[in-house]
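Have a look at the structure below before the remarks.
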Amino acid sequence: MPPPIDFDRIPRDQLPWLLRKMPKAELHIHIEGTLEPELIFTLAQRNGVNLAYPGVEALREAYAFTNLQSFLDIYYAGTSVLRQEQDFCDMAWDYLEKAAADHVVRAEIFFDPQTHTERGVSIGTVIRGLRRACQRANSELGVSADLILCFLRHLSEDAAFETLGQALPYREHIIGVGLDSSEIGHPPEKFARVYARCRELGLNAVAHAGEEGPPAYISGALDMLEVQRIDHGVRSADDPELLQRLAASRLPLTVCPLSNVKLRVCRTLAEHPLPALLSAGLCATVNSDDPAYFGGYINDNFLALFEALPQWGAREAWQLASNSFEASFVPPAQKAIWQAELDRLFAAAVV
Ligand code: HPA
Ligand code: ZN
């Protein structure tokens with residue numbers, strides 16, 4: 001239930017400040033997608049890796065994507081510089097500092113172990129490095145951060161089982177599993193058995209679905225993988241029955257507006273389905289996906305979105321932040337603390 005805040009009496013010129021300042025959770029962030037060109041070059045030098053680009057600017061210029069696959073090709077190439085535990089720690093720390101500056105109080109961070117184990121980097125090196133940054137963020141930045149292991153859906157279910165096995169010694173450092181990479185041609189049912197095993201292990205389950213793939217992949221992720229959240233899920237807007245199901249269950253969608261425009265899932269932010277999803281009563285959230293590649297971190301997403309949607313005001317800002325806590329994998333008592341902080345900030349902005 002919304003608190004008794006008179007949103008209509010919050011001046012619109014307060015909105016950018018509120019969007020920046022409001023506490024929020026980021027639930028759809030690929031840590032490898034936070035690798036900025038500057039850090040790619042620093043790590044290349046540290047590890048003696050030769051890059052195909054002469055400098056930071058040339059690399060940035062190569063970020064001209066036309067769809068998900070053209071992005072993934074360059075995203076996986078960028079990860080070649082990650083070799084040692086410290087590299088993973090530095091990458092995650094850089095993100096967590098930016099997240100703290102954006103008033104992210106909770107981050108549920110995706111990582112792609114298969115991208116690294118395929119190159120001979122052990123899963124322990126990856127998880128120990130990322131985990132160290134998360135722990136430091138908790139103590140030094142006041143950001144609560146946890147890890148979600150993603151399986152690459154263009155690889156086989158056997159490969160996913162093998163990765164799960166490699167991760168088991170680090171089970172306590174992982175809060176859940178996800179599914180990412182090339183969507184079309186790799187439906188969720190391909191991973192039904194590995195997700196069943198993950199649920200037995202007590203892991204939370206999410207999956208990318210309905211980014212480029214059809215609404216049937218969203219239903220498939222719900223029915224065959226029993227996920228607790230859908231990542232992206234914007235194609236649900238094409239299916240009224242599915243919309244109704246998602247609204248009734250309040251099963252969250254982690255939406256990434258700038259990513260969707262960059263990868264041509266939608267033409268412009270003004271035409272983004274998020275307003276329709278929110279109006280239909282879905283628990284939709286705003287996230288950055290791969291901010292080093294898509295032109296912005298979480299607050300850049302919020303600011304660009306509200307700039308493009310003049311019909312949106314303080315009510316929608318509050319709702320999106322509130323949804324992010326509702327959708328997060330933390331105990332209800334912790335959600336209530338952040339929700340109360342959010343309510344106080346908006347109540348104080350009423351004139
Ligand atoms: N979709 C699928 N796979 C990904 C993405 C995405 O948006 N980002 C990183 N891997
Ligand atoms: Zn994603």
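Each chain in the structure tokens gets a letter, A, B and so on, in the order shown; residues start at 1 in every chain, and ligands are counted from 1 in the order they appear.
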Please identify all protein, DNA and RNA residues within 10 Å of ligand 2, counting only C-alpha atoms and all ligand atoms, and report them as a count of residues only. 27
Would you list the contacts of Leu152 in chain A as a short mmCIF file (atom, residue, chain, number, x, y, z; two decimals) with C-alpha atoms, in the first residue's frame, taking every protein, DNA or RNA residue within 10 Å and counting only C-alpha atoms, but skipping same-chain residues closer than 2 positions in sequence?
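result-v8.cif, freshly written:
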data_model
loop_
_atom_site.label_atom_id
_atom_site.label_comp_id
_atom_site.auth_asym_id
_atom_site.auth_seq_id
_atom_site.Cartn_x
_atom_site.Cartn_y
_atom_site.Cartn_z
CA ASP A 112 29.05 -15.15 -15.92
CA PRO A 113 31.52 -17.81 -14.64
CA GLN A 114 31.57 -19.76 -17.92
CA THR A 115 33.02 -16.75 -19.74
CA LEU A 149 25.56 -16.89 -10.84
CA CYS A 150 24.33 -16.79 -14.44
CA HIS A 154 23.98 -20.50 -25.72
CA LEU A 155 25.94 -23.31 -24.01
CA SER A 156 24.48 -26.72 -23.10
CA GLU A 157 22.61 -27.78 -19.99
CA ALA A 159 27.86 -27.23 -19.25
CA ALA A 160 25.51 -25.46 -16.80
CA GLY A 178 20.21 -16.61 -13.54
CA LEU A 179 20.24 -17.24 -17.27
CA ASP A 180 21.70 -14.82 -19.82
CA SER A 181 23.40 -14.48 -23.26
CA SER A 182 21.75 -15.11 -26.68
CA GLU A 183 18.04 -15.59 -26.07
CA HIS A 186 17.65 -21.05 -26.45
#
Helix (DSSP H, G or I) residues, from DSSP on the backbone, in range 177-295 of chain A, as a PyMOL selection string: chain A and resi 188-200+215-224+234-238+240-249+257-262+269-271+274-279+291-294
Among the residues A:Arg250, A:Lys262, A:Arg12, A:His103, the one that comes closest to ligand 1 [using only C-alpha atoms and all ligand atoms]: A:Lys262
Please provide the set of residues having any atom within 8 Å of Tyr293 in chain A, restricted to only C-alpha atoms, with same-chain residues fewer than 4 positions apart removed, written as number ranges by chain. A: 33-34, 36, 63
Output of the above residues as a PDB file, in the first residue's frame, restricted to N, CA and C atoms:
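Result saved to again-v9.pdb:
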ATOM      1  N   GLY A  33      29.594  -6.245 -17.425  1.00  0.00           N
ATOM      2  CA  GLY A  33      29.087  -5.123 -18.212  1.00  0.00           C
ATOM      3  C   GLY A  33      29.354  -3.782 -17.557  1.00  0.00           C
ATOM      4  N   THR A  34      30.086  -3.806 -16.431  1.00  0.00           N
ATOM      5  CA  THR A  34      30.483  -2.550 -15.783  1.00  0.00           C
ATOM      6  C   THR A  34      31.951  -2.240 -16.073  1.00  0.00           C
ATOM      7  N   GLU A  36      34.626  -0.653 -17.614  1.00  0.00           N
ATOM      8  CA  GLU A  36      34.797   0.550 -18.435  1.00  0.00           C
ATOM      9  C   GLU A  36      36.071   0.411 -19.281  1.00  0.00           C
ATOM     10  N   TYR A  63      31.592   0.446 -29.810  1.00  0.00           N
ATOM     11  CA  TYR A  63      30.344   0.113 -29.121  1.00  0.00           C
ATOM     12  C   TYR A  63      29.138   0.589 -29.939  1.00  0.00           C
TER      13      TYR A  63
END
Could you pull out the strand (DSSP E or B) residues of range 90-318 of chain A, going by DSSP on the backbone, and write them as a VMD selection string? chain A and resid 104 to 111 144 to 152 174 to 180 204 to 209 229 to 232 253 to 255 284 to 286 289
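Remark: for ligand 1, the closest of the candidate residues A:Gln135, A:Ser70, A:Ser249, A:Ser219 is A:Ser70 (distances computed over only C-alpha atoms and all ligand atoms).
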Between CA of Ile174 in chain A and CA of Gly210 in chain A, what is the distance, to one decimal in Å?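 Spanning CA of Ile174 in chain A to CA of Gly210 in chain A is a straight-line distance of 24.8 Å.
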I'd like the contact shell of range 190-200 of chain A - 6 Å cut-off, only C-alpha atoms, skipping same-chain residues fewer than 3 positions apart - returned as a PDB file with N, CA, C and O atoms, in the first residue's frame.
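Output file part_4.pdb is given in full below:
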ATOM      1  N   GLU A 157      23.017 -27.567 -21.378  1.00  0.00           N
ATOM      2  CA  GLU A 157      22.609 -27.780 -19.992  1.00  0.00           C
ATOM      3  C   GLU A 157      23.688 -28.568 -19.242  1.00  0.00           C
ATOM      4  O   GLU A 157      23.915 -28.321 -18.053  1.00  0.00           O
ATOM      5  N   PRO A 187      15.435 -21.551 -25.574  1.00  0.00           N
ATOM      6  CA  PRO A 187      14.281 -21.354 -24.685  1.00  0.00           C
ATOM      7  C   PRO A 187      14.582 -21.833 -23.274  1.00  0.00           C
ATOM      8  O   PRO A 187      15.483 -22.650 -23.062  1.00  0.00           O
ATOM      9  N   LEU A 203      18.751 -22.171  -3.770  1.00  0.00           N
ATOM     10  CA  LEU A 203      19.151 -20.948  -4.481  1.00  0.00           C
ATOM     11  C   LEU A 203      17.909 -20.231  -5.023  1.00  0.00           C
ATOM     12  O   LEU A 203      16.961 -20.884  -5.472  1.00  0.00           O
ATOM     13  N   MET A 224       8.541 -23.595 -16.318  1.00  0.00           N
ATOM     14  CA  MET A 224       9.550 -24.665 -16.397  1.00  0.00           C
ATOM     15  C   MET A 224      10.728 -24.423 -15.458  1.00  0.00           C
ATOM     16  O   MET A 224      11.371 -25.362 -15.012  1.00  0.00           O
ATOM     17  N   LEU A 225      11.041 -23.157 -15.190  1.00  0.00           N
ATOM     18  CA  LEU A 225      12.197 -22.853 -14.324  1.00  0.00           C
ATOM     19  C   LEU A 225      11.755 -22.385 -12.939  1.00  0.00           C
ATOM     20  O   LEU A 225      12.572 -22.294 -12.033  1.00  0.00           O
TER      21      LEU A 225
END
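Compared by their closest atoms to His173 in chain A, and using only C-alpha atoms, the residues A:Ala308, A:Val261, A:Phe41, A:Arg132 rank with A:Arg132 nearest.
Distances from A:Leu258, A:Ile40, A:Ala333, A:Leu251 to ligand 1 were compared using only C-alpha atoms and all ligand atoms, and the smallest one belongs to A:Leu258.
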Find, counting only C-alpha atoms, the residue in A:Ala327, A:Val121, A:Cys134, A:Leu35 that gets nearest to Ile230 in chain A.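 Residue with the minimum atom-to-atom distance to Ile230 in chain A: A:Ala327.
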Quick one, how far is CA of Arg171 in chain A from CA of Asp158 in chain A?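 Distance reported for this atom pair: 19.0 Å.
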Using only C-alpha atoms, which residues sit within 12 Å of range 52-62 of chain A once same-chain residues fewer than 6 positions away are excluded, as a list in words?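 Counting only the stated atoms, we get Leu35, Glu36, Pro37, Glu38, Leu39, Ile40, Phe41, Thr42, Ala44, Gln45, Ser70, Phe71, Asp73, Ile74, Tyr75, Ala77, Gly78, Ser80, Val81, Ala292, Tyr293, Phe294 and Gly295 of chain A.
With distances restricted to only C-alpha atoms and all ligand atoms, A:Glu212 is the closest residue to ligand 1 from A:Glu341, A:Asp87, A:Glu108, A:Glu212.
Using only C-alpha atoms, the residues found no farther than 8 Å from His116 in chain A, other than those of its own chain fewer than 4 positions away, are A:Thr79, A:Leu82, A:Asp112, A:Gly120, A:Val121, A:Ser122, A:Ile123, A:Val126.
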Excluding Leu342 in chain A and any residue of its chain fewer than 6 positions from it, enumerate the residues within 9 Å of it, using only C-alpha atoms, and give them as a list in words.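 Contacts, in chain order: Met22, Pro23, Lys24, Trp318, Ala321 and Ser322 of chain A.
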Written selection (C-alpha atoms) as a PDB file, in the first residue's frame:
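After the write, again.pdb holds the following:
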ATOM      1  CA  MET A  22      16.070   8.060  -3.394  1.00  0.00           C
ATOM      2  CA  PRO A  23      17.327   4.790  -1.906  1.00  0.00           C
ATOM      3  CA  LYS A  24      17.007   1.989  -4.456  1.00  0.00           C
ATOM      4  CA  TRP A 318       8.444   6.333  -5.517  1.00  0.00           C
ATOM      5  CA  ALA A 321      12.057   2.457  -5.931  1.00  0.00           C
ATOM      6  CA  SER A 322       9.479   0.737  -3.727  1.00  0.00           C
TER       7      SER A 322
END
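Atom to atom, CA of Arg229 in chain A and CA of Leu253 in chain A stand 5.9 Å apart.
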